[in-house]
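Before any comments, here is the structure.
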Amino acid sequence: MDIFLQQVINGLVQGSIYALVALGYTMVYGIIELVNFAHGEVVMVGALVSLSVIERLVSRGYTGWPLIVISVLVAIPTCIALGLGIERVAYRPLRRAPRLAPLISAIGVSIALQQIAALIWGRNYLHYPDILPKTQYLIGGAVISQVQVVILLSAAVLMAALWVLVQRTRLGRAMRATAQNPAVAGLMGVDVNRIIATTFVVGSALAAVAGTLIGAYYQVGNHTMGFLLGLKAFTAAVLGGIGSLGGAMAGGLLLGVIENLGAGYMGKLTDGAVGSNYSDVFAFLMLVLVLIFRPSGLLGERGVEKV
Amino acid sequence: MSALLEVSGLEVHYGGIQAVKGIDLRVNQGELVTLIGANGAGKTSTLKALAGLLRPAAGQIRFAGQSLVGMPVHQLIRNGLALVPEGRGVFPRLTVAENLMMGAYVRRDADGIIADLERMYGLFERLHERREQKAGTLSGGEQQMLAIGRALMGRPRMLLLDEPSMGLAPLMVQKIIGVIRQVANEGMTVLLVEQNARLALQAAERAYVMEGGRISFEDTAQACLNDPRVRAAYLGE
């Protein structure tokens with residue numbers, strides 16, 4: 001088996017999930033310069049809501065991909081409502097406050113959501129029922145599962161759709177204009193509050209899909225799963241250049257690949273002293289290196305395309 | 001003549017001081033009127049109150065018979081009022097064409113928008129040459145043209161211009177003033193707020209002179225140019 005290729009494939013799969021979550025961070029940052037620390041928890045809620053849907057329907061005989069589709073169709077509106085609620089309650093009243101205030105508010109929302117999730121779903125790890133086919137495909141000495149293929153494809157389709165939305169539509173143009181100069185966008189007739197809310201809607205919908213895919217992939221979840229995932233996705237956004245859509249996509253994929261290559265070779269490199277369970281170290285080592293050598297991120301130059 | 005914009009008894013507080021202390025001002029349909037005055041006279045505060053960016057402490061602002069007080073900013077252009085902000089405010093990372101399209105954000109008539117886009121390219125050749133360039137790469141004068149063109153794309157009934165000559169080379173200033181005149185000649189109602197009094201008075205039909213938050217003088221632009229007080233205070237003579 002080709003370990004290198006295998007780790008790259010695993011990395012791209014994991015990375016495309018990071019990218020979907022990172023887009024939520026970067027879009028909100030691009031438009032209101034706020035790091036929405038509660039975004040990871042929105043992903044967690046998406047994952048657990050879809051798990052609940054799956055559990056309920058599995059007992060009635062549903063199975064396979066249609067069940068995932070149904071669960072994501074429930075998770076998306078739930079996460080959108082949650083994202084809109086967070087923006088309205090925790091961020092909008094602080095729009096003109098010093099920058100630290102909304103940041104603290106974001107952390108507060110994050111903790112609150114974790115605890116609410118613990119009340120609803122309990123504190124134990126929840127396991128997803130086996131509903132998906134275990135089909136695997138061989139490519140060039142490596143193995144890719146059907147679940148992985150679906151994750152890669154759905155992430156690619158969503159990112160392409162987002163790109164078209166932002167670059168080619170009237171709404172996307174208004175979003176970019178608002179990110180660059182909200183006061184003037186208002187003079188053009190853009191309802192800035194609605195554009196900001198729309199950004200949360202898009203980010204939360206992506207988070208719902210990411211949550212569902214994570215559940216389908218790892219088949220385990222609990223109320224704290226959003227924390228590390230959120231931190232990694234935020235790292236990916238910073239890695240690519242926060243505020244940049246292309247940066248979030250590239251940063252997510254890159255982070256996933258680096259992490260998996262690190263995990264794959266860590267044992268060999270250290271002669272077994274340190275194992276693959278240290279793979280998280282790579283993510284944050286990358287963050288530190290990028291912040292030292294290229295603080296604006298890989299794609300984040302002065303001319304970034306913010307949204 | 002009918003007043004398109006009518007301001008009465010306007011008072012505006014800004015940063016703890018009373019920047020505008022009760023002014024009356026009217027702009028008739030089709031007129032090019034200028035509001036001049038030194039830095040800190042209250043011109044920008046007046047304009048911000050008109051645009052809904054500052055809430056007046058007292059007074060009335062009526063545009064086309066409707067009160068503008070308390071109207072959200074994004075409703076202004078829908079009611080026919082376009083403001084070209086101080087410092088142009090182009091979207092630097094949108095292309096010239098995208099900036100112009102943002103001006104037409106509230107419109108839904110695709111054919112009309114395309115026709116107006118061509119009209120703007122006719123009016124401003126430089127913008128046509130640079131239509132695919134990011135607006136941030138344009139010179140100050142080109143950005144000012146873009147800002148005016150963008151405002152016109154919304155098909156406003158009235159144009160408010162805040163210091164369009166600021167920071168521009170003399171030659172470019174002449175060009176911008178020429179454009180403003182041309183737009184006014186085509187029937188647009190314009191309120192031009194300027195620090196460069198000589199320039200504004202040469203372009204406008206009527207003028208208000210603002211001083212310490214009050215209108216100290218109002219007359220035809222020609223009369224202002226000939227008035228010894230205005231000449232001494234604002235034309236450096």
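In the structure tokens, chains take the letters A, B, ... in the order shown, each chain's residues start at 1, and ligands count up from 1 in the order shown.
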>> Taking 4 positions as the minimum chain separation for residues in the same chain, which residues sit within 10 Å of Leu53 in chain B when counting only C-alpha atoms? Answer as a VMD selection string.
In response: (chain A and resid 183 187) or (chain B and resid 45 to 49 70 to 73)
Please identify every residue of chain B that has at least one atom no farther than 10 Å from an atom of chain A, counting only C-alpha atoms, and for each give the shortest atom pair and the distance in Å to one decimal, arranged by chain then increasing number, as a Markdown table.
```
| residue | atom | partner | partner_atom | distance |
| --- | --- | --- | --- | --- |
| B:Ala51 | CA | A:Leu187 | CA | 8.2 |
| B:Gly52 | CA | A:Leu187 | CA | 9.8 |
| B:Leu53 | CA | A:Ala183 | CA | 8.8 |
| B:Pro72 | CA | A:Asp191 | CA | 8.7 |
| B:Val73 | CA | A:Gly186 | CA | 5.8 |
| B:His74 | CA | A:Gly189 | CA | 4.0 |
| B:Gln75 | CA | A:Gly189 | CA | 6.1 |
| B:Leu76 | CA | A:Leu187 | CA | 7.1 |
| B:Ile77 | CA | A:Gly189 | CA | 5.9 |
| B:Arg78 | CA | A:Gly189 | CA | 6.8 |
| B:Asn79 | CA | A:Gly189 | CA | 9.9 |
| B:Leu81 | CA | A:Leu187 | CA | 9.1 |
| B:Ala82 | CA | A:Leu187 | CA | 7.1 |
| B:Leu83 | CA | A:Leu187 | CA | 6.8 |
| B:Val84 | CA | A:Leu187 | CA | 8.6 |
| B:Pro85 | CA | A:Val184 | CA | 7.6 |
| B:Arg88 | CA | A:Val184 | CA | 9.2 |
| B:Gly89 | CA | A:Val184 | CA | 6.3 |
| B:Val90 | CA | A:Val184 | CA | 8.0 |
| B:Phe91 | CA | A:Ala177 | CA | 6.1 |
| B:Pro92 | CA | A:Gln180 | CA | 7.3 |
| B:Arg93 | CA | A:Glu305 | CA | 6.9 |
| B:Leu94 | CA | A:Ala177 | CA | 7.4 |
| B:Glu98 | CA | A:Arg173 | CA | 7.4 |
| B:Asn99 | CA | A:Ala177 | CA | 8.4 |
| B:Met101 | CA | A:Arg170 | CA | 8.6 |
| B:Met102 | CA | A:Met188 | CA | 6.5 |
| B:Gly103 | CA | A:Met188 | CA | 5.5 |
| B:Ala104 | CA | A:Met188 | CA | 7.5 |
| B:Tyr105 | CA | A:Met188 | CA | 6.4 |
| B:Val106 | CA | A:Gly189 | CA | 6.0 |
| B:Arg107 | CA | A:Gly189 | CA | 9.7 |
| B:Lys134 | CA | A:Gly303 | CA | 9.7 |
| B:Gly136 | CA | A:Gly303 | CA | 9.3 |
| B:Arg150 | CA | A:Met188 | CA | 8.7 |
| B:Ala151 | CA | A:Met188 | CA | 7.8 |
| B:Met153 | CA | A:Met188 | CA | 9.7 |
| B:Gly154 | CA | A:Met188 | CA | 7.7 |
```
May I have the residues within 12 Å of Ile111 in chain A as a CSV table (one decimal) with N, CA and C atoms, in the first residue's frame, using only C-alpha atoms and disregarding those fewer than 3 positions away in the same chain?
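Below is the file that was written, around-v3.csv:
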```csv
chain,number,residue,atom,x,y,z
A,37,PHE,N,-16.3,32.7,17.2
A,37,PHE,CA,-15.8,31.5,17.9
A,37,PHE,C,-16.9,30.5,18.1
A,38,ALA,N,-18.2,30.9,18.0
A,38,ALA,CA,-19.2,29.9,18.2
A,38,ALA,C,-19.5,29.1,16.9
A,39,HIS,N,-18.7,29.3,15.8
A,39,HIS,CA,-19.0,28.6,14.6
A,39,HIS,C,-18.8,27.1,14.7
A,40,GLY,N,-17.8,26.7,15.5
A,40,GLY,CA,-17.5,25.3,15.7
A,40,GLY,C,-18.7,24.6,16.3
A,41,GLU,N,-19.4,25.4,17.2
A,41,GLU,CA,-20.5,24.8,17.9
A,41,GLU,C,-21.7,24.6,17.0
A,42,VAL,N,-21.8,25.5,16.0
A,42,VAL,CA,-22.8,25.4,15.0
A,42,VAL,C,-22.6,24.1,14.2
A,104,ILE,N,-15.6,38.3,23.2
A,104,ILE,CA,-16.0,37.7,24.5
A,104,ILE,C,-17.4,37.1,24.4
A,105,SER,N,-18.3,37.9,23.7
A,105,SER,CA,-19.6,37.4,23.5
A,105,SER,C,-19.6,36.1,22.7
A,106,ALA,N,-18.7,36.0,21.7
A,106,ALA,CA,-18.6,34.8,20.9
A,106,ALA,C,-18.2,33.6,21.7
A,107,ILE,N,-17.3,33.8,22.6
A,107,ILE,CA,-16.8,32.7,23.5
A,107,ILE,C,-17.9,32.3,24.4
A,108,GLY,N,-18.7,33.3,24.9
A,108,GLY,CA,-19.8,33.0,25.8
A,108,GLY,C,-20.8,32.1,25.0
A,114,GLN,N,-22.4,24.6,23.9
A,114,GLN,CA,-21.9,23.3,24.4
A,114,GLN,C,-22.8,22.7,25.5
A,115,GLN,N,-23.1,23.6,26.5
A,115,GLN,CA,-23.8,23.1,27.6
A,115,GLN,C,-25.3,22.8,27.3
A,116,ILE,N,-25.9,23.6,26.4
A,116,ILE,CA,-27.2,23.3,25.9
A,116,ILE,C,-27.2,21.9,25.2
A,117,ALA,N,-26.2,21.7,24.4
A,117,ALA,CA,-26.1,20.4,23.7
A,117,ALA,C,-25.9,19.3,24.6
A,118,ALA,N,-25.2,19.5,25.7
A,118,ALA,CA,-25.0,18.5,26.7
A,118,ALA,C,-26.3,18.1,27.4
A,223,HIS,N,-21.0,16.7,22.6
A,223,HIS,CA,-21.2,18.2,22.7
A,223,HIS,C,-19.9,19.0,22.6
A,224,THR,N,-18.8,18.4,22.7
A,224,THR,CA,-17.5,19.2,22.7
A,224,THR,C,-16.8,19.1,21.3
A,226,GLY,N,-17.2,20.3,18.5
A,226,GLY,CA,-17.0,21.6,17.7
A,226,GLY,C,-15.8,22.4,18.1
A,227,PHE,N,-15.3,22.1,19.3
A,227,PHE,CA,-14.2,23.0,19.8
A,227,PHE,C,-12.9,22.8,19.0
```
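With only C-alpha atoms as the atoms that count, the residue of B:Arg62, B:Gly30, B:Glu129, B:Ile148 with the shortest distance to Val179 in chain B is B:Ile148.
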> Can you list, as a PyMOL selection string, every residue of range 71-124 of chain B that DSSP puts in helix (DSSP H, G or I)?
Replying inline: chain B and resi 73-75+77-79+96-103+110-123
>> With distances taken over only C-alpha atoms, which residue among A:Arg92, A:Arg194, A:Lys134, A:Arg294 lies nearest Leu34 in chain A?
In response: A:Arg92
> Could you name the residues that touch Ala204 in chain B at 7 Å or less, counting only C-alpha atoms, but leaving out those on the same chain fewer than 5 positions away, as a list in words?
Replying inline: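 Listed by chain and then number, they are Leu32, Val33, Thr34 and Ala221 of chain B.
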> Leaving out range 162-169 of chain B and any residue of its chain fewer than 4 positions from it, which residues lie within 6 Å of it when counting only C-alpha atoms, given as a list of chain:residue names?
Replying inline: B:Pro85, B:Glu86, B:Val173, B:Val193, B:Glu194
Could you please take those selected residues and save all heavy atoms as a PDB file, in the first residue's frame?
```
ATOM      1  N   PRO B  85     -19.980  60.248  -1.613  1.00  0.00           N
ATOM      2  CA  PRO B  85     -19.381  60.612  -0.324  1.00  0.00           C
ATOM      3  C   PRO B  85     -18.014  61.281  -0.474  1.00  0.00           C
ATOM      4  O   PRO B  85     -17.340  61.132  -1.496  1.00  0.00           O
ATOM      5  CB  PRO B  85     -19.257  59.273   0.391  1.00  0.00           C
ATOM      6  CG  PRO B  85     -19.168  58.261  -0.689  1.00  0.00           C
ATOM      7  CD  PRO B  85     -19.969  58.790  -1.838  1.00  0.00           C
ATOM      8  N   GLU B  86     -17.651  61.998   0.576  1.00  0.00           N
ATOM      9  CA  GLU B  86     -16.319  62.592   0.656  1.00  0.00           C
ATOM     10  C   GLU B  86     -15.289  61.464   0.545  1.00  0.00           C
ATOM     11  O   GLU B  86     -15.463  60.400   1.128  1.00  0.00           O
ATOM     12  CB  GLU B  86     -16.206  63.283   2.016  1.00  0.00           C
ATOM     13  CG  GLU B  86     -14.955  64.088   2.199  1.00  0.00           C
ATOM     14  CD  GLU B  86     -14.942  64.756   3.575  1.00  0.00           C
ATOM     15  OE1 GLU B  86     -16.002  64.840   4.222  1.00  0.00           O
ATOM     16  OE2 GLU B  86     -13.858  65.177   3.995  1.00  0.00           O
ATOM     17  N   VAL B 173      -9.567  68.664 -11.386  1.00  0.00           N
ATOM     18  CA  VAL B 173     -10.672  69.376 -10.750  1.00  0.00           C
ATOM     19  C   VAL B 173     -11.548  70.024 -11.823  1.00  0.00           C
ATOM     20  O   VAL B 173     -12.780  69.915 -11.797  1.00  0.00           O
ATOM     21  CB  VAL B 173     -10.129  70.448  -9.773  1.00  0.00           C
ATOM     22  CG1 VAL B 173     -11.255  71.362  -9.314  1.00  0.00           C
ATOM     23  CG2 VAL B 173      -9.479  69.773  -8.574  1.00  0.00           C
ATOM     24  N   VAL B 193     -21.437  70.304  -2.299  1.00  0.00           N
ATOM     25  CA  VAL B 193     -20.833  70.799  -1.066  1.00  0.00           C
ATOM     26  C   VAL B 193     -19.329  70.899  -1.310  1.00  0.00           C
ATOM     27  O   VAL B 193     -18.701  69.901  -1.679  1.00  0.00           O
ATOM     28  CB  VAL B 193     -21.137  69.857   0.113  1.00  0.00           C
ATOM     29  CG1 VAL B 193     -20.410  70.308   1.366  1.00  0.00           C
ATOM     30  CG2 VAL B 193     -22.633  69.791   0.358  1.00  0.00           C
ATOM     31  N   GLU B 194     -18.773  72.101  -1.172  1.00  0.00           N
ATOM     32  CA  GLU B 194     -17.364  72.300  -1.548  1.00  0.00           C
ATOM     33  C   GLU B 194     -16.633  73.252  -0.618  1.00  0.00           C
ATOM     34  O   GLU B 194     -17.202  74.212  -0.111  1.00  0.00           O
ATOM     35  CB  GLU B 194     -17.294  72.880  -2.971  1.00  0.00           C
ATOM     36  CG  GLU B 194     -16.909  71.894  -4.037  1.00  0.00           C
ATOM     37  CD  GLU B 194     -15.511  71.314  -3.882  1.00  0.00           C
ATOM     38  OE1 GLU B 194     -14.661  71.873  -3.151  1.00  0.00           O
ATOM     39  OE2 GLU B 194     -15.277  70.281  -4.508  1.00  0.00           O
TER      40      GLU B 194
END
```
> Which one of A:Phe293, A:Tyr125, A:Trp163, A:Tyr62 sits closest to Leu239 in chain A if you count only C-alpha atoms?
Replying inline: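 Nearest candidate to Leu239 in chain A out of A:Phe293, A:Tyr125, A:Trp163, A:Tyr62: A:Phe293.
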>> Taking 3 positions as the minimum chain separation for residues in the same chain, which residues sit within 8 Å of Glu6 in chain B when counting only C-alpha atoms? Answer as number ranges by chain.
In response: B: 3, 24-27, 60-63
Next, dump the selected residues to file, keeping only N, CA and C atoms, as a short mmCIF file (atom, residue, chain, number, x, y, z; two decimals), in the first residue's frame.
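Okay, this is what ended up in again-v7.cif:
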```cif
data_model
loop_
_atom_site.label_atom_id
_atom_site.label_comp_id
_atom_site.auth_asym_id
_atom_site.auth_seq_id
_atom_site.Cartn_x
_atom_site.Cartn_y
_atom_site.Cartn_z
N ALA B 3 -39.68 73.05 -4.89
CA ALA B 3 -38.50 72.60 -4.15
C ALA B 3 -38.45 71.08 -4.15
N ASP B 24 -31.83 76.76 7.16
CA ASP B 24 -32.87 76.55 6.15
C ASP B 24 -32.17 76.51 4.79
N LEU B 25 -32.63 75.60 3.95
CA LEU B 25 -31.96 75.44 2.67
C LEU B 25 -32.94 74.79 1.71
N ARG B 26 -32.97 75.25 0.48
CA ARG B 26 -33.83 74.56 -0.49
C ARG B 26 -33.15 74.43 -1.84
N VAL B 27 -33.40 73.32 -2.47
CA VAL B 27 -32.88 73.09 -3.82
C VAL B 27 -34.08 72.77 -4.70
N GLN B 60 -36.55 69.85 10.03
CA GLN B 60 -37.21 69.02 9.03
C GLN B 60 -36.34 68.88 7.79
N ILE B 61 -36.33 67.69 7.20
CA ILE B 61 -35.70 67.51 5.90
C ILE B 61 -36.76 66.86 5.02
N ARG B 62 -37.17 67.56 3.99
CA ARG B 62 -38.16 66.98 3.09
C ARG B 62 -37.58 66.86 1.70
N PHE B 63 -37.77 65.67 1.13
CA PHE B 63 -37.29 65.43 -0.23
C PHE B 63 -38.46 64.91 -1.04
#
```
Could you name the residues that touch Ile68 in chain A at 12 Å or less, counting only C-alpha atoms, but leaving out those on the same chain fewer than 2 positions away, as a short mmCIF file (atom, residue, chain, number, x, y, z; two decimals) with N, CA, C and O atoms, in the first residue's frame?
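Below you can see selection_5.cif, which holds the result:
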```cif
data_model
loop_
_atom_site.label_atom_id
_atom_site.label_comp_id
_atom_site.auth_asym_id
_atom_site.auth_seq_id
_atom_site.Cartn_x
_atom_site.Cartn_y
_atom_site.Cartn_z
N ALA A 47 -24.08 18.31 13.40
CA ALA A 47 -23.73 16.88 13.47
C ALA A 47 -24.72 16.14 14.38
O ALA A 47 -25.22 15.06 14.02
N VAL A 49 -27.78 17.07 15.43
CA VAL A 49 -29.16 17.07 14.91
C VAL A 49 -29.29 15.99 13.84
O VAL A 49 -30.26 15.22 13.84
N SER A 50 -28.30 15.90 12.95
CA SER A 50 -28.44 14.89 11.90
C SER A 50 -28.35 13.49 12.50
O SER A 50 -29.03 12.58 12.04
N LEU A 51 -27.55 13.35 13.56
CA LEU A 51 -27.50 12.04 14.24
C LEU A 51 -28.88 11.67 14.80
O LEU A 51 -29.36 10.54 14.65
N SER A 52 -29.53 12.65 15.45
CA SER A 52 -30.85 12.38 16.02
C SER A 52 -31.84 11.95 14.93
O SER A 52 -32.64 11.03 15.13
N VAL A 53 -31.78 12.66 13.80
CA VAL A 53 -32.68 12.32 12.69
C VAL A 53 -32.40 10.91 12.21
O VAL A 53 -33.32 10.10 12.01
N ILE A 54 -31.11 10.60 12.07
CA ILE A 54 -30.73 9.27 11.58
C ILE A 54 -31.23 8.19 12.54
O ILE A 54 -31.84 7.20 12.12
N GLU A 55 -31.00 8.40 13.83
CA GLU A 55 -31.42 7.39 14.82
C GLU A 55 -32.93 7.16 14.77
O GLU A 55 -33.41 6.02 14.84
N LEU A 57 -34.97 7.64 12.27
CA LEU A 57 -35.47 7.04 11.02
C LEU A 57 -34.93 5.63 10.80
O LEU A 57 -35.55 4.84 10.11
N VAL A 58 -33.77 5.36 11.38
CA VAL A 58 -33.17 4.04 11.17
C VAL A 58 -34.06 2.96 11.78
O VAL A 58 -34.24 1.88 11.23
N TYR A 62 -35.38 3.01 7.45
CA TYR A 62 -34.62 3.78 6.45
C TYR A 62 -33.13 3.46 6.59
O TYR A 62 -32.63 3.18 7.68
N THR A 63 -32.40 3.55 5.49
CA THR A 63 -30.96 3.34 5.58
C THR A 63 -30.24 3.95 4.36
O THR A 63 -30.88 4.45 3.43
N GLY A 64 -28.92 3.94 4.41
CA GLY A 64 -28.12 4.37 3.26
C GLY A 64 -28.09 5.88 3.06
O GLY A 64 -28.47 6.65 3.95
N TRP A 65 -27.63 6.30 1.87
CA TRP A 65 -27.45 7.72 1.58
C TRP A 65 -28.72 8.55 1.67
O TRP A 65 -28.66 9.70 2.12
N PRO A 66 -29.89 8.00 1.26
CA PRO A 66 -31.10 8.83 1.40
C PRO A 66 -31.30 9.33 2.82
O PRO A 66 -31.75 10.46 3.04
N ILE A 70 -31.75 13.17 4.03
CA ILE A 70 -32.85 13.66 4.88
C ILE A 70 -32.28 14.38 6.11
O ILE A 70 -32.72 15.47 6.47
N SER A 71 -31.26 13.77 6.72
CA SER A 71 -30.73 14.36 7.95
C SER A 71 -30.09 15.72 7.68
O SER A 71 -30.22 16.65 8.46
N VAL A 72 -29.42 15.87 6.53
CA VAL A 72 -28.80 17.16 6.24
C VAL A 72 -29.87 18.20 5.93
O VAL A 72 -29.72 19.38 6.25
N LEU A 73 -30.99 17.75 5.37
CA LEU A 73 -32.07 18.69 5.07
C LEU A 73 -32.75 19.19 6.35
O LEU A 73 -33.38 20.24 6.35
N VAL A 74 -32.60 18.43 7.44
CA VAL A 74 -33.10 18.91 8.73
C VAL A 74 -32.03 19.77 9.40
O VAL A 74 -32.32 20.81 10.00
N ALA A 75 -30.77 19.33 9.27
CA ALA A 75 -29.67 20.06 9.94
C ALA A 75 -29.48 21.46 9.37
O ALA A 75 -29.21 22.40 10.12
N TYR A 128 -22.79 6.66 15.74
CA TYR A 128 -23.73 6.65 14.61
C TYR A 128 -23.98 5.21 14.20
O TYR A 128 -23.05 4.41 14.16
N PRO A 129 -25.23 4.91 13.87
CA PRO A 129 -25.51 3.56 13.38
C PRO A 129 -24.82 3.32 12.03
O PRO A 129 -24.57 4.27 11.28
N ASP A 130 -24.51 2.06 11.75
CA ASP A 130 -23.89 1.70 10.48
C ASP A 130 -24.94 1.70 9.38
O ASP A 130 -25.70 0.74 9.24
N ILE A 131 -25.00 2.77 8.63
CA ILE A 131 -26.04 2.82 7.60
C ILE A 131 -25.45 2.92 6.20
O ILE A 131 -26.14 2.69 5.23
N LEU A 132 -24.18 3.28 6.13
CA LEU A 132 -23.61 3.53 4.79
C LEU A 132 -22.86 2.31 4.29
O LEU A 132 -22.24 1.57 5.07
N VAL A 147 -17.70 6.76 1.27
CA VAL A 147 -17.99 7.93 2.11
C VAL A 147 -17.01 9.06 1.78
O VAL A 147 -17.39 10.22 1.65
N VAL A 150 -17.88 10.73 -1.48
CA VAL A 150 -19.04 11.61 -1.35
C VAL A 150 -18.64 12.91 -0.64
O VAL A 150 -19.07 14.00 -1.04
N ILE A 151 -17.79 12.81 0.38
CA ILE A 151 -17.35 14.02 1.09
C ILE A 151 -16.60 14.95 0.14
O ILE A 151 -16.88 16.15 0.05
N ALA A 208 -23.69 23.07 8.69
CA ALA A 208 -24.62 21.94 8.83
C ALA A 208 -24.17 20.78 7.96
O ALA A 208 -24.17 19.61 8.40
N VAL A 209 -23.79 21.09 6.73
CA VAL A 209 -23.33 20.03 5.83
C VAL A 209 -22.04 19.41 6.38
O VAL A 209 -21.89 18.18 6.45
N GLY A 211 -21.04 19.29 9.47
CA GLY A 211 -21.36 18.48 10.65
C GLY A 211 -21.90 17.12 10.26
O GLY A 211 -21.48 16.08 10.81
N THR A 212 -22.82 17.11 9.31
CA THR A 212 -23.40 15.83 8.87
C THR A 212 -22.33 14.92 8.27
O THR A 212 -22.29 13.71 8.54
N LEU A 213 -21.44 15.52 7.44
CA LEU A 213 -20.39 14.72 6.80
C LEU A 213 -19.42 14.16 7.84
O LEU A 213 -18.98 13.00 7.75
N ILE A 214 -19.09 14.98 8.83
CA ILE A 214 -18.18 14.51 9.88
C ILE A 214 -18.79 13.31 10.60
O ILE A 214 -18.13 12.30 10.85
N GLY A 215 -20.09 13.45 10.91
CA GLY A 215 -20.78 12.35 11.58
C GLY A 215 -20.73 11.08 10.74
O GLY A 215 -20.44 9.99 11.24
N ALA A 216 -21.01 11.25 9.45
CA ALA A 216 -21.03 10.09 8.56
C ALA A 216 -19.64 9.46 8.46
O ALA A 216 -19.49 8.25 8.30
N TYR A 217 -18.62 10.30 8.55
CA TYR A 217 -17.24 9.84 8.34
C TYR A 217 -16.67 9.18 9.60
O TYR A 217 -16.21 8.04 9.58
#
```
> Which one of B:Ala233, B:Met120, B:Leu10, B:Leu5 sits closest to Ile215 in chain B if you count only C-alpha atoms?
Replying inline: B:Leu10
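As for CA of Asn10 in chain A and CA of Ala207 in chain A, they are spaced 20.0 Å apart.
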> Which is closer to Gly243 in chain A than all the others in A:Gln6, A:Gln14, A:Asn277, A:Ser296, using only C-alpha atoms?
Replying inline: A:Ser296
>> Taking only C-alpha atoms into account, name the residue in B:Ile17, B:Met172, B:Ala64, B:Leu117 that is nearest to Met158 in chain B.
In response: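 Result for the nearest residue to Met158 in chain B: B:Ala64.
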> How many Å lie between CA of Gln133 in chain B and CA of Asp109 in chain B, rounded to one decimal?
Replying inline: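 So the two atoms, CA of Gln133 in chain B and CA of Asp109 in chain B, lie 25.1 Å apart.
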> Please, which residues of range 58-180 of chain A, numbered as in this document, come out strand (DSSP E) from DSSP, as a list in words?
Replying inline: Leu126, His127, Gln136, Tyr137, Leu138, Ile139, Ala142, Val143, Ile144 and Ser145 of chain A
